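What follows is a short report on a single structure.
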There are 2 protein chains.
Amino acid sequence: MATIRDVANYAGVSIATVSKYINGGNVLAENKVLIEEAIEKLNYQVNIMARGLKTNKTMTIGILIPSLTNLFFTTIIASLESIIQTEGYSTIISNYQEDVDLEREKLEFLATRNVDGIIMVPSGQGNLDLITKLNKDTPIILIDRNIEGAQLDAVLTDNINGSYTAVEKFIAKGHRRIGVICGPKEHYTAEERLVGYERVHRDYKLKIDPELIKFGDYQLEGGHRALTQLLDLEVPPTAIFVTNYEMTLGAVIALNEMGVSIPQDVSIIGYDNLELAKLVKPPLSMVIQPMEAIGKTAAQLLLQRLNGDRSGFPSLHRLESELMIKDSIKRID
Amino acid sequence: MATIRDVANYAGVSIATVSKYINGGNVLAENKVLIEEAIEKLNYQVNIMARGLKTNKTMTIGILIPSLTNLFFTTIIASLESIIQTEGYSTIISNYQEDVDLEREKLEFLATRNVDGIIMVPSGQGNLDLITKLNKDTPIILIDRNIEGAQLDAVLTDNINGSYTAVEKFIAKGHRRIGVICGPKEHYTAEERLVGYERVHRDYKLKIDPELIKFGDYQLEGGHRALTQLLDLEVPPTAIFVTNYEMTLGAVIALNEMGVSIPQDVSIIGYDNLELAKLVKPPLSMVIQPMEAIGKTAAQLLLQRLNGDRSGFPSLHRLESELMIKDSIKRID
DNA sequence: TTGTATGCGTTATCAA
DNA sequence: TTGATAACGCATACAA
């Protein structure tokens, strides 16, 4: 591998001059040509580690998510990455499989790698101490989930509203017994989405039947189980709101298995699963989160922090989700 | 950040001794304790860039795939990563969106970052020159797709057999007009899967009707379109084999839209889409590739190369896929 | 087993 | 504008 010294020798100038050229300083047009030639000829590339040692920057940002095989997260990451790479940053993507201990381990790993910044979906309160500590000298942006009482930048979706609007739609169509399949109780987005469900009931003076609120695990199986439980109730709901991607999938599987049809037997609104919205017949109504925008916003916020702009810290971004209405909702009386 | 010098001072030994301790050399038990105390107290962490500058290793491996939002690839990556991280390596994951130019760009980016090795799904012949050049001093492992005539390690699936077995199943059930929805013509896995289709026809002395071979784009839309075309034929096939994840999804959507039922109206075998295998009613038969094993094999092969073991180069691994039979195949006469 | 000293390739300071 | 040089933090050869 050619070094800057090789380039300097080849071009007949000093190392310092080459370095200046590389980093955008002023160099005589004449030398500029010589240097460019040398770089071309020698196929020179900056040694990122030597530079990093000097500048104390790795030009690497860490991304930590619960799961790599979750389309919601990978879509956000793809969006993130496209922005961040154009600024010369590379990313280390890690996943912790919703395991708090693994989350800590991966965070420590990222610290070991001296990442310049971190964008992460936290598991919960579990590692707030470590996250806060790291954030002292490494900007951290939370996405999707906030941590109660944390002093951290965050890019979130308006879960309460997303949920509120969906359930409100059911109500407008005449439904009064509306089931909801929530995520794990302690889960940030799950809590918020449940709040939306409860709030719209209060606002419309509808009684909430605790039987109609089921808690899944945000996984396929949980959605499957919860849906079955709901339909097995003595008085089953006429409409069901499923609050994430995987559980929506699970719920539809369960419906298929039970031979229950949408929306004749039960009305359905899902979450995030755009494919299912088209795949299932009739097309499923869905609450869709702005994944691209989440990625973009988080990336830009991080870049801002990386440039030393601490304004508005901790800044909280709430992006709106969209309710996509299809034919999975029956009007009843 | 504490340096090794700080640790040395604190512990009252030399830098060299600390370094030796860190890298697993022999150190007096007494000094060991002192050093451990110092590291603990100062919260010392090795500066990865300084080390890299010295050892000429980044302990980073690049992963390059066509798409981050493709479950097939992300599943492989998750498997890869779990192995590679336990060896202290981190990964830079990049995707090139099936775009040859972007593939080149991302490869160059990885080179810029001085990755120690690369695991990639190549787009095709397009960047063979660059890949071969990089492979001179950076081990590269190809996965999923091979490049014709390339001298490179590769971990592939036995596509021909996977396809052969699936179509053979149709034949065994009495089908004679069997449609196939292939990937893009120039595509490595697409070609192989088509070969399987053709070979089983020859072996069973069945004529191949070119009408029954449709080429999609390995995307949802392509599967949707191809399936529609097949069913719109004057004499439509009685069975259809769809050759990847997304197109299987698209095909099922199309079937739903057209009100065609499985397997009464048409028998179906899909590829890789385990979720659909359960979601669709009746459960869909599927060819399943061993994603975990692909990741594991590639990771181990790369680690071997990273350790300087060049034995068997270029080594070609062919993993078997599995045919999962469900109720989507009707027996006919 | 330990310590001294050198160099990895770059950036940045300062004098010319 | 340019160049000589120090320093970044570490690993390692060699001497002790």
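As shown in the structure tokens, the chain order sets the letters A, B, ...; within each chain, residues go from 1, and ligands are also counted from 1 in the order they appear.
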
Within 12 Å of chain C, which residues of chain A are there when counting only C-alpha atoms (C1' of nucleotides)? Please give them as number ranges by chain.
A: 1-6, 15-20, 22-23, 45-56

Could you turn the residues from that selection into a file that holds N, CA and C atoms, as a PDB file, in the first residue's frame?
```
ATOM      1  N   MET A   1       0.836  -1.208   0.000  1.00  0.00           N
ATOM      2  CA  MET A   1       0.000   0.000   0.000  1.00  0.00           C
ATOM      3  C   MET A   1       0.870   1.257   0.000  1.00  0.00           C
ATOM      4  N   ALA A   2       0.532   2.133  -0.891  1.00  0.00           N
ATOM      5  CA  ALA A   2       1.302   3.391  -0.971  1.00  0.00           C
ATOM      6  C   ALA A   2       0.952   4.299   0.201  1.00  0.00           C
ATOM      7  N   THR A   3       1.954   4.989   0.710  1.00  0.00           N
ATOM      8  CA  THR A   3       1.718   5.923   1.803  1.00  0.00           C
ATOM      9  C   THR A   3       1.817   7.353   1.284  1.00  0.00           C
ATOM     10  N   ILE A   4       1.501   8.264   2.151  1.00  0.00           N
ATOM     11  CA  ILE A   4       1.556   9.677   1.779  1.00  0.00           C
ATOM     12  C   ILE A   4       3.004  10.072   1.463  1.00  0.00           C
ATOM     13  N   ARG A   5       3.927   9.400   2.102  1.00  0.00           N
ATOM     14  CA  ARG A   5       5.356   9.662   1.846  1.00  0.00           C
ATOM     15  C   ARG A   5       5.717   9.268   0.405  1.00  0.00           C
ATOM     16  N   ASP A   6       5.175   8.127  -0.039  1.00  0.00           N
ATOM     17  CA  ASP A   6       5.425   7.713  -1.420  1.00  0.00           C
ATOM     18  C   ASP A   6       4.908   8.766  -2.396  1.00  0.00           C
ATOM     19  N   ILE A  15       5.621  15.841   2.460  1.00  0.00           N
ATOM     20  CA  ILE A  15       4.461  15.155   3.025  1.00  0.00           C
ATOM     21  C   ILE A  15       3.395  16.157   3.431  1.00  0.00           C
ATOM     22  N   ALA A  16       3.846  17.215   4.058  1.00  0.00           N
ATOM     23  CA  ALA A  16       2.907  18.214   4.566  1.00  0.00           C
ATOM     24  C   ALA A  16       2.062  18.788   3.439  1.00  0.00           C
ATOM     25  N   THR A  17       2.698  19.024   2.308  1.00  0.00           N
ATOM     26  CA  THR A  17       1.975  19.592   1.175  1.00  0.00           C
ATOM     27  C   THR A  17       0.916  18.617   0.661  1.00  0.00           C
ATOM     28  N   VAL A  18       1.302  17.366   0.582  1.00  0.00           N
ATOM     29  CA  VAL A  18       0.339  16.363   0.130  1.00  0.00           C
ATOM     30  C   VAL A  18      -0.841  16.302   1.093  1.00  0.00           C
ATOM     31  N   SER A  19      -0.511  16.291   2.370  1.00  0.00           N
ATOM     32  CA  SER A  19      -1.559  16.227   3.376  1.00  0.00           C
ATOM     33  C   SER A  19      -2.495  17.418   3.235  1.00  0.00           C
ATOM     34  N   LYS A  20      -1.897  18.573   3.006  1.00  0.00           N
ATOM     35  CA  LYS A  20      -2.708  19.770   2.865  1.00  0.00           C
ATOM     36  C   LYS A  20      -3.639  19.629   1.670  1.00  0.00           C
ATOM     37  N   ILE A  22      -4.747  16.907   0.316  1.00  0.00           N
ATOM     38  CA  ILE A  22      -5.777  15.914   0.609  1.00  0.00           C
ATOM     39  C   ILE A  22      -6.891  16.486   1.465  1.00  0.00           C
ATOM     40  N   ASN A  23      -6.503  17.321   2.408  1.00  0.00           N
ATOM     41  CA  ASN A  23      -7.499  17.835   3.329  1.00  0.00           C
ATOM     42  C   ASN A  23      -8.065  19.185   2.897  1.00  0.00           C
ATOM     43  N   GLN A  45      -4.342   5.563  -1.182  1.00  0.00           N
ATOM     44  CA  GLN A  45      -5.545   5.767  -0.373  1.00  0.00           C
ATOM     45  C   GLN A  45      -5.134   6.115   1.049  1.00  0.00           C
ATOM     46  N   VAL A  46      -5.829   7.059   1.604  1.00  0.00           N
ATOM     47  CA  VAL A  46      -5.529   7.439   2.986  1.00  0.00           C
ATOM     48  C   VAL A  46      -5.685   6.230   3.890  1.00  0.00           C
ATOM     49  N   ASN A  47      -4.758   6.065   4.757  1.00  0.00           N
ATOM     50  CA  ASN A  47      -4.871   5.023   5.772  1.00  0.00           C
ATOM     51  C   ASN A  47      -5.763   5.543   6.899  1.00  0.00           C
ATOM     52  N   ILE A  48      -6.933   4.920   6.956  1.00  0.00           N
ATOM     53  CA  ILE A  48      -7.962   5.442   7.838  1.00  0.00           C
ATOM     54  C   ILE A  48      -7.593   5.315   9.309  1.00  0.00           C
ATOM     55  N   MET A  49      -6.756   4.344   9.595  1.00  0.00           N
ATOM     56  CA  MET A  49      -6.380   4.170  11.004  1.00  0.00           C
ATOM     57  C   MET A  49      -5.350   5.196  11.453  1.00  0.00           C
ATOM     58  N   ALA A  50      -4.420   5.466  10.563  1.00  0.00           N
ATOM     59  CA  ALA A  50      -3.432   6.490  10.902  1.00  0.00           C
ATOM     60  C   ALA A  50      -4.129   7.831  11.083  1.00  0.00           C
ATOM     61  N   ARG A  51      -5.030   8.097  10.173  1.00  0.00           N
ATOM     62  CA  ARG A  51      -5.768   9.356  10.285  1.00  0.00           C
ATOM     63  C   ARG A  51      -6.586   9.373  11.566  1.00  0.00           C
ATOM     64  N   GLY A  52      -7.238   8.249  11.833  1.00  0.00           N
ATOM     65  CA  GLY A  52      -8.076   8.175  13.014  1.00  0.00           C
ATOM     66  C   GLY A  52      -7.271   8.344  14.292  1.00  0.00           C
ATOM     67  N   LEU A  53      -6.092   7.791  14.286  1.00  0.00           N
ATOM     68  CA  LEU A  53      -5.233   7.904  15.464  1.00  0.00           C
ATOM     69  C   LEU A  53      -4.931   9.370  15.738  1.00  0.00           C
ATOM     70  N   LYS A  54      -4.737  10.080  14.656  1.00  0.00           N
ATOM     71  CA  LYS A  54      -4.376  11.490  14.762  1.00  0.00           C
ATOM     72  C   LYS A  54      -5.579  12.366  15.106  1.00  0.00           C
ATOM     73  N   THR A  55      -6.665  12.125  14.407  1.00  0.00           N
ATOM     74  CA  THR A  55      -7.840  12.987  14.564  1.00  0.00           C
ATOM     75  C   THR A  55      -8.765  12.536  15.675  1.00  0.00           C
ATOM     76  N   ASN A  56      -8.504  11.340  16.160  1.00  0.00           N
ATOM     77  CA  ASN A  56      -9.365  10.768  17.185  1.00  0.00           C
ATOM     78  C   ASN A  56     -10.796  10.573  16.696  1.00  0.00           C
TER      79      ASN A  56
END
```

Would you mind listing what lies within 9 Å of range 112-128 of chain A as a ChimeraX atom specification, with only C-alpha atoms (C1' of nucleotides) counted and same-chain residues fewer than 4 positions away left out?
/A:56-66,73,91-92,96,98-101,103-104,107-108,132-133,135,137-148,150,186-188,298-299,302-303,305-306 /B:45-49,90

Expected file contents, prior selection, N, CA and C atoms, as a short mmCIF file (atom, residue, chain, number, x, y, z; two decimals), in the first residue's frame:
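Everything below was put into out.cif:
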```
data_model
loop_
_atom_site.label_atom_id
_atom_site.label_comp_id
_atom_site.auth_asym_id
_atom_site.auth_seq_id
_atom_site.Cartn_x
_atom_site.Cartn_y
_atom_site.Cartn_z
N ASN A 56 -8.50 11.34 16.16
CA ASN A 56 -9.36 10.77 17.19
C ASN A 56 -10.80 10.57 16.70
N LYS A 57 -10.92 10.26 15.42
CA LYS A 57 -12.23 9.96 14.86
C LYS A 57 -12.14 8.69 14.04
N THR A 58 -13.17 7.86 14.14
CA THR A 58 -13.15 6.63 13.34
C THR A 58 -13.99 6.78 12.09
N MET A 59 -14.77 7.86 12.03
CA MET A 59 -15.71 8.02 10.91
C MET A 59 -16.62 6.81 10.81
N THR A 60 -16.93 6.27 11.94
CA THR A 60 -17.80 5.10 12.01
C THR A 60 -18.92 5.38 13.00
N ILE A 61 -20.12 5.03 12.64
CA ILE A 61 -21.18 5.19 13.62
C ILE A 61 -21.82 3.84 13.89
N GLY A 62 -22.16 3.62 15.13
CA GLY A 62 -22.75 2.35 15.53
C GLY A 62 -24.26 2.39 15.45
N ILE A 63 -24.81 1.31 14.98
CA ILE A 63 -26.27 1.20 14.95
C ILE A 63 -26.66 -0.05 15.72
N LEU A 64 -27.54 0.12 16.66
CA LEU A 64 -27.92 -1.00 17.52
C LEU A 64 -29.42 -1.17 17.50
N ILE A 65 -29.86 -2.34 17.07
CA ILE A 65 -31.30 -2.60 16.97
C ILE A 65 -31.62 -3.95 17.61
N PRO A 66 -32.88 -4.16 17.92
CA PRO A 66 -33.27 -5.41 18.56
C PRO A 66 -33.11 -6.61 17.62
N PHE A 73 -37.08 -2.32 11.24
CA PHE A 73 -35.78 -1.76 11.60
C PHE A 73 -34.83 -1.69 10.40
N THR A 91 -20.95 2.36 8.93
CA THR A 91 -21.76 1.95 10.07
C THR A 91 -21.40 0.55 10.54
N ILE A 92 -21.45 0.37 11.82
CA ILE A 92 -21.38 -0.97 12.38
C ILE A 92 -22.77 -1.29 12.90
N TYR A 96 -29.37 -7.02 19.17
CA TYR A 96 -29.26 -7.62 20.51
C TYR A 96 -30.42 -8.55 20.83
N GLU A 98 -33.47 -8.33 21.44
CA GLU A 98 -34.35 -7.93 22.56
C GLU A 98 -33.83 -8.42 23.91
N ASP A 99 -32.55 -8.66 24.00
CA ASP A 99 -31.98 -9.15 25.24
C ASP A 99 -31.16 -8.04 25.90
N VAL A 100 -31.57 -7.66 27.09
CA VAL A 100 -30.93 -6.52 27.76
C VAL A 100 -29.44 -6.74 27.97
N ASP A 101 -29.08 -7.95 28.35
CA ASP A 101 -27.66 -8.23 28.59
C ASP A 101 -26.86 -8.13 27.29
N GLU A 103 -27.71 -6.39 24.82
CA GLU A 103 -27.70 -4.98 24.45
C GLU A 103 -26.48 -4.29 25.09
N ARG A 104 -26.28 -4.58 26.35
CA ARG A 104 -25.15 -3.98 27.05
C ARG A 104 -23.84 -4.42 26.42
N LEU A 107 -23.31 -2.66 23.17
CA LEU A 107 -22.97 -1.26 23.41
C LEU A 107 -21.51 -1.14 23.79
N GLU A 108 -21.08 -2.04 24.63
CA GLU A 108 -19.67 -2.01 25.04
C GLU A 108 -18.78 -2.32 23.85
N THR A 132 -26.29 6.63 29.08
CA THR A 132 -26.06 8.01 29.52
C THR A 132 -24.57 8.29 29.63
N LYS A 133 -23.86 7.33 30.16
CA LYS A 133 -22.42 7.49 30.33
C LYS A 133 -21.73 7.63 28.96
N ASN A 135 -23.02 8.61 26.28
CA ASN A 135 -23.47 9.83 25.61
C ASN A 135 -22.65 11.05 26.03
N ASP A 137 -19.44 11.44 25.80
CA ASP A 137 -18.52 11.84 24.74
C ASP A 137 -18.83 11.22 23.38
N THR A 138 -19.95 10.53 23.29
CA THR A 138 -20.37 9.98 22.00
C THR A 138 -21.85 10.26 21.80
N PRO A 139 -22.17 11.12 20.85
CA PRO A 139 -23.59 11.43 20.65
C PRO A 139 -24.42 10.17 20.39
N ILE A 140 -25.51 10.06 21.09
CA ILE A 140 -26.41 8.92 20.91
C ILE A 140 -27.80 9.41 20.54
N ILE A 141 -28.35 8.82 19.50
CA ILE A 141 -29.72 9.16 19.11
C ILE A 141 -30.59 7.92 19.32
N LEU A 142 -31.65 8.09 20.08
CA LEU A 142 -32.60 7.00 20.26
C LEU A 142 -33.62 7.03 19.13
N ILE A 143 -33.98 5.88 18.62
CA ILE A 143 -35.08 5.87 17.66
C ILE A 143 -36.13 4.84 18.07
N ASP A 144 -37.35 5.09 17.63
CA ASP A 144 -38.50 4.22 17.85
C ASP A 144 -38.96 4.19 19.30
N ARG A 145 -38.03 3.99 20.22
CA ARG A 145 -38.41 3.93 21.63
C ARG A 145 -37.65 4.96 22.43
N ASN A 146 -38.33 5.60 23.33
CA ASN A 146 -37.67 6.53 24.23
C ASN A 146 -37.38 5.81 25.54
N ILE A 147 -36.53 6.41 26.36
CA ILE A 147 -36.32 5.88 27.69
C ILE A 147 -36.80 6.93 28.68
N GLU A 148 -37.72 6.49 29.51
CA GLU A 148 -38.32 7.36 30.52
C GLU A 148 -37.23 8.12 31.28
N ALA A 150 -34.82 9.89 30.40
CA ALA A 150 -33.46 9.99 29.85
C ALA A 150 -33.23 11.35 29.23
N GLU A 186 -44.17 -3.67 29.42
CA GLU A 186 -43.17 -2.67 29.79
C GLU A 186 -42.61 -1.95 28.56
N HIS A 187 -43.08 -2.35 27.42
CA HIS A 187 -42.49 -1.85 26.19
C HIS A 187 -42.97 -0.44 25.86
N TYR A 188 -42.00 0.42 25.52
CA TYR A 188 -42.33 1.82 25.30
C TYR A 188 -43.45 2.05 24.28
N ALA A 298 -33.11 10.87 12.04
CA ALA A 298 -32.09 10.44 13.00
C ALA A 298 -30.69 10.68 12.44
N ALA A 299 -30.52 10.38 11.16
CA ALA A 299 -29.21 10.56 10.54
C ALA A 299 -28.81 12.03 10.56
N LEU A 302 -27.97 13.20 14.03
CA LEU A 302 -26.66 12.71 14.47
C LEU A 302 -25.53 13.50 13.80
N LEU A 303 -25.67 13.73 12.50
CA LEU A 303 -24.64 14.48 11.78
C LEU A 303 -24.48 15.86 12.40
N ARG A 305 -25.05 16.68 15.51
CA ARG A 305 -24.33 16.50 16.78
C ARG A 305 -22.85 16.25 16.52
N LEU A 306 -22.58 15.46 15.51
CA LEU A 306 -21.20 15.13 15.16
C LEU A 306 -20.42 16.39 14.76
N GLN B 45 -9.27 1.22 27.83
CA GLN B 45 -9.64 0.41 26.67
C GLN B 45 -8.61 0.61 25.57
N VAL B 46 -8.25 -0.46 24.94
CA VAL B 46 -7.27 -0.36 23.85
C VAL B 46 -7.81 0.59 22.78
N ASN B 47 -6.95 1.42 22.29
CA ASN B 47 -7.31 2.28 21.16
C ASN B 47 -7.15 1.46 19.88
N ILE B 48 -8.29 1.17 19.30
CA ILE B 48 -8.30 0.24 18.19
C ILE B 48 -7.58 0.76 16.96
N MET B 49 -7.52 2.07 16.85
CA MET B 49 -6.86 2.63 15.67
C MET B 49 -5.35 2.60 15.82
N SER B 90 -15.72 -6.79 13.97
CA SER B 90 -16.98 -6.10 13.76
C SER B 90 -17.26 -6.09 12.26
#
```

Counting only C-alpha atoms (C1' of nucleotides), a student should be able to say which residues of chain D come within 8 Å of chain A; what is the right answer, written as a PyMOL selection string?
chain D and resi 1-3+8-9

Selected residue, from A:Met286, A:Ile269, A:Ile253, A:Ala8, that lies nearest to chain B when counting only C-alpha atoms
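Selected residue with least distance to chain B: A:Ile253.
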
Give me, as a list in words, all polymer residues having an atom no more than 8 Å from range 262-268 of chain A, counting only C-alpha atoms (C1' of nucleotides) and skipping those fewer than 3 positions away in the same chain.
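The residues satisfying every condition are Pro237, Thr238, Ala239, Ile240, Phe241, Val242, Lys281, Pro282, Leu284, Ser285, Asp327, Ser328, Ile329 and Lys330 of chain A.
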
Expected answer as a PyMOL selection string: strand (DSSP E) residues in range 10-128 of chain B
chain B and resi 60-65+90-95+117-120

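Here the question is which of B:Gln219, B:Ser261, B:Asn256, B:Gln229 gets nearest to chain A using only C-alpha atoms, and that residue is B:Asn256.
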
Selected residue of minimal separation from chain A among B:Leu42, B:Leu134, B:Val155, B:Val280, counting only C-alpha atoms:
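The answer is B:Val280, which sits nearest to chain A.
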
So what do you get for CA of Leu71 in chain B versus CA of Ile294 in chain B, distance-wise?
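One can read the CA of Leu71 in chain B to CA of Ile294 in chain B distance as 13.7 Å.
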
Among range 23-266 of chain B, which ones does DSSP assign to helix (DSSP H, G or I) (computed from the backbone)? Answer as a PyMOL selection string.
chain B and resi 29-42+48-55+71-86+100-112+128-134+159-172+188-203+210-212+220-231+245-258

With C-alpha atoms retained, write the just-selected residues as a compact mmCIF listing (two decimals), in the first residue's frame.
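Printed below is result-v2.txt as written:
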```
# COMPACT_ATOMS: atom_id res chain seq x y z
CA ALA B 29 1.39 -12.83 38.77
CA GLU B 30 2.23 -9.86 40.93
CA ASN B 31 2.34 -7.44 38.00
CA LYS B 32 -0.73 -9.02 36.53
CA VAL B 33 -2.72 -7.98 39.55
CA LEU B 34 -1.31 -4.47 39.46
CA ILE B 35 -2.10 -4.09 35.79
CA GLU B 36 -5.60 -5.44 36.18
CA GLU B 37 -6.20 -2.99 38.98
CA ALA B 38 -4.91 -0.11 36.91
CA ILE B 39 -7.02 -1.06 33.90
CA GLU B 40 -10.07 -1.34 36.09
CA LYS B 41 -9.37 1.90 37.90
CA LEU B 42 -8.62 3.92 34.80
CA ILE B 48 -8.30 0.24 18.19
CA MET B 49 -6.86 2.63 15.67
CA ALA B 50 -3.46 2.81 17.24
CA ARG B 51 -3.42 -0.94 17.38
CA GLY B 52 -4.62 -1.19 13.83
CA LEU B 53 -1.99 1.18 12.63
CA LYS B 54 0.60 -1.04 14.15
CA THR B 55 -0.77 -4.42 13.24
CA LEU B 71 -35.13 -11.37 4.90
CA PHE B 72 -33.07 -14.01 3.14
CA PHE B 73 -29.95 -11.90 3.28
CA THR B 74 -30.47 -10.41 6.71
CA THR B 75 -31.01 -13.86 8.18
CA ILE B 76 -27.70 -14.97 6.75
CA ILE B 77 -26.02 -11.85 8.08
CA ALA B 78 -27.41 -12.32 11.57
CA SER B 79 -25.93 -15.80 11.55
CA LEU B 80 -22.62 -14.58 10.16
CA GLU B 81 -22.32 -11.79 12.61
CA SER B 82 -22.91 -13.85 15.70
CA ILE B 83 -19.90 -15.97 14.82
CA ILE B 84 -17.65 -13.23 13.64
CA GLN B 85 -18.22 -10.94 16.60
CA THR B 86 -17.22 -13.61 19.07
CA VAL B 100 -23.75 -2.83 -10.40
CA ASP B 101 -22.38 0.68 -10.17
CA LEU B 102 -23.41 1.02 -6.57
CA GLU B 103 -21.85 -2.37 -5.92
CA ARG B 104 -18.53 -1.07 -7.20
CA GLU B 105 -18.87 2.07 -5.16
CA LYS B 106 -19.57 0.15 -1.98
CA LEU B 107 -16.71 -2.22 -2.64
CA GLU B 108 -14.39 0.72 -3.01
CA PHE B 109 -15.81 2.14 0.18
CA LEU B 110 -15.04 -1.09 1.99
CA ALA B 111 -11.52 -1.00 0.58
CA THR B 112 -11.17 2.55 1.87
CA LEU B 128 -15.28 -9.31 -11.20
CA ASP B 129 -12.16 -7.32 -12.05
CA LEU B 130 -12.35 -5.23 -8.89
CA ILE B 131 -13.33 -8.18 -6.73
CA THR B 132 -10.45 -10.25 -8.03
CA LYS B 133 -8.07 -7.39 -7.48
CA LEU B 134 -9.25 -6.81 -3.92
CA ASN B 159 -30.13 -24.54 -6.57
CA ILE B 160 -30.37 -27.11 -9.31
CA ASN B 161 -31.32 -29.83 -6.90
CA GLY B 162 -33.69 -27.60 -4.96
CA SER B 163 -35.53 -26.79 -8.12
CA TYR B 164 -35.31 -30.33 -9.48
CA THR B 165 -36.84 -31.83 -6.36
CA ALA B 166 -39.69 -29.37 -6.25
CA VAL B 167 -40.71 -29.89 -9.84
CA GLU B 168 -40.22 -33.62 -9.47
CA LYS B 169 -42.79 -33.50 -6.68
CA PHE B 170 -45.31 -31.97 -9.03
CA ILE B 171 -44.58 -34.67 -11.58
CA ALA B 172 -45.02 -37.38 -8.98
CA TYR B 188 -26.78 -16.85 -11.19
CA THR B 189 -29.30 -18.55 -8.95
CA ALA B 190 -32.06 -17.97 -11.48
CA GLU B 191 -30.12 -19.81 -14.15
CA GLU B 192 -29.40 -22.73 -11.88
CA ARG B 193 -32.97 -23.04 -10.75
CA LEU B 194 -34.12 -23.04 -14.33
CA VAL B 195 -31.61 -25.78 -15.11
CA GLY B 196 -33.21 -27.91 -12.42
CA TYR B 197 -36.60 -27.36 -13.98
CA GLU B 198 -35.36 -28.34 -17.41
CA ARG B 199 -33.35 -31.29 -16.25
CA VAL B 200 -36.20 -32.96 -14.41
CA HIS B 201 -38.36 -32.55 -17.50
CA ARG B 202 -35.73 -34.26 -19.60
CA ASP B 203 -35.21 -37.00 -17.06
CA PRO B 210 -41.48 -22.36 -23.41
CA GLU B 211 -44.76 -20.60 -22.64
CA LEU B 212 -44.63 -22.05 -19.17
CA LEU B 220 -42.84 -8.85 -5.59
CA GLU B 221 -44.12 -7.16 -8.73
CA GLY B 222 -42.41 -9.62 -11.04
CA GLY B 223 -43.93 -12.57 -9.27
CA HIS B 224 -47.33 -10.98 -9.45
CA ARG B 225 -47.05 -10.28 -13.17
CA ALA B 226 -45.58 -13.65 -14.10
CA LEU B 227 -48.24 -15.54 -12.24
CA THR B 228 -50.98 -13.58 -13.95
CA GLN B 229 -49.41 -14.30 -17.33
CA LEU B 230 -49.27 -18.00 -16.57
CA LEU B 231 -52.90 -18.21 -15.57
CA TYR B 245 -39.01 -15.19 -1.55
CA GLU B 246 -40.42 -11.96 -2.93
CA MET B 247 -41.91 -13.48 -6.07
CA THR B 248 -43.64 -16.13 -3.99
CA LEU B 249 -45.22 -13.31 -2.06
CA GLY B 250 -46.22 -11.58 -5.28
CA ALA B 251 -47.65 -14.76 -6.72
CA VAL B 252 -49.82 -15.38 -3.69
CA ILE B 253 -51.09 -11.82 -3.81
CA ALA B 254 -52.00 -12.31 -7.45
CA LEU B 255 -53.78 -15.57 -6.69
CA ASN B 256 -55.78 -13.88 -3.97
CA GLU B 257 -56.73 -11.06 -6.25
CA MET B 258 -57.83 -13.39 -9.01
```

Go ahead and compute the interatomic distance for CA of Gly24 in chain B and CA of Asn43 in chain B, in Å to one decimal.
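Interatomic distance, CA of Gly24 in chain B to CA of Asn43 in chain B: 18.8 Å.
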
Restricting the calculation to only C-alpha atoms: of A:Glu320, A:Glu87, A:Asp153, A:Asp232, which residue gets closest to chain B?
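Closest to chain B, using only C-alpha atoms: A:Glu87.
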
Measuring atom to atom with only C-alpha atoms, identify which of A:Gly149, A:Gly259, A:Gly312, A:Gly295 is nearest to chain B.
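When distances to chain B are compared using only C-alpha atoms, the smallest one comes from A:Gly259.
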
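Compared by their closest atoms to chain A, and using only C-alpha atoms, the residues B:Ile178, B:Leu233, B:Val260, B:Ala154 rank with B:Val260 nearest.
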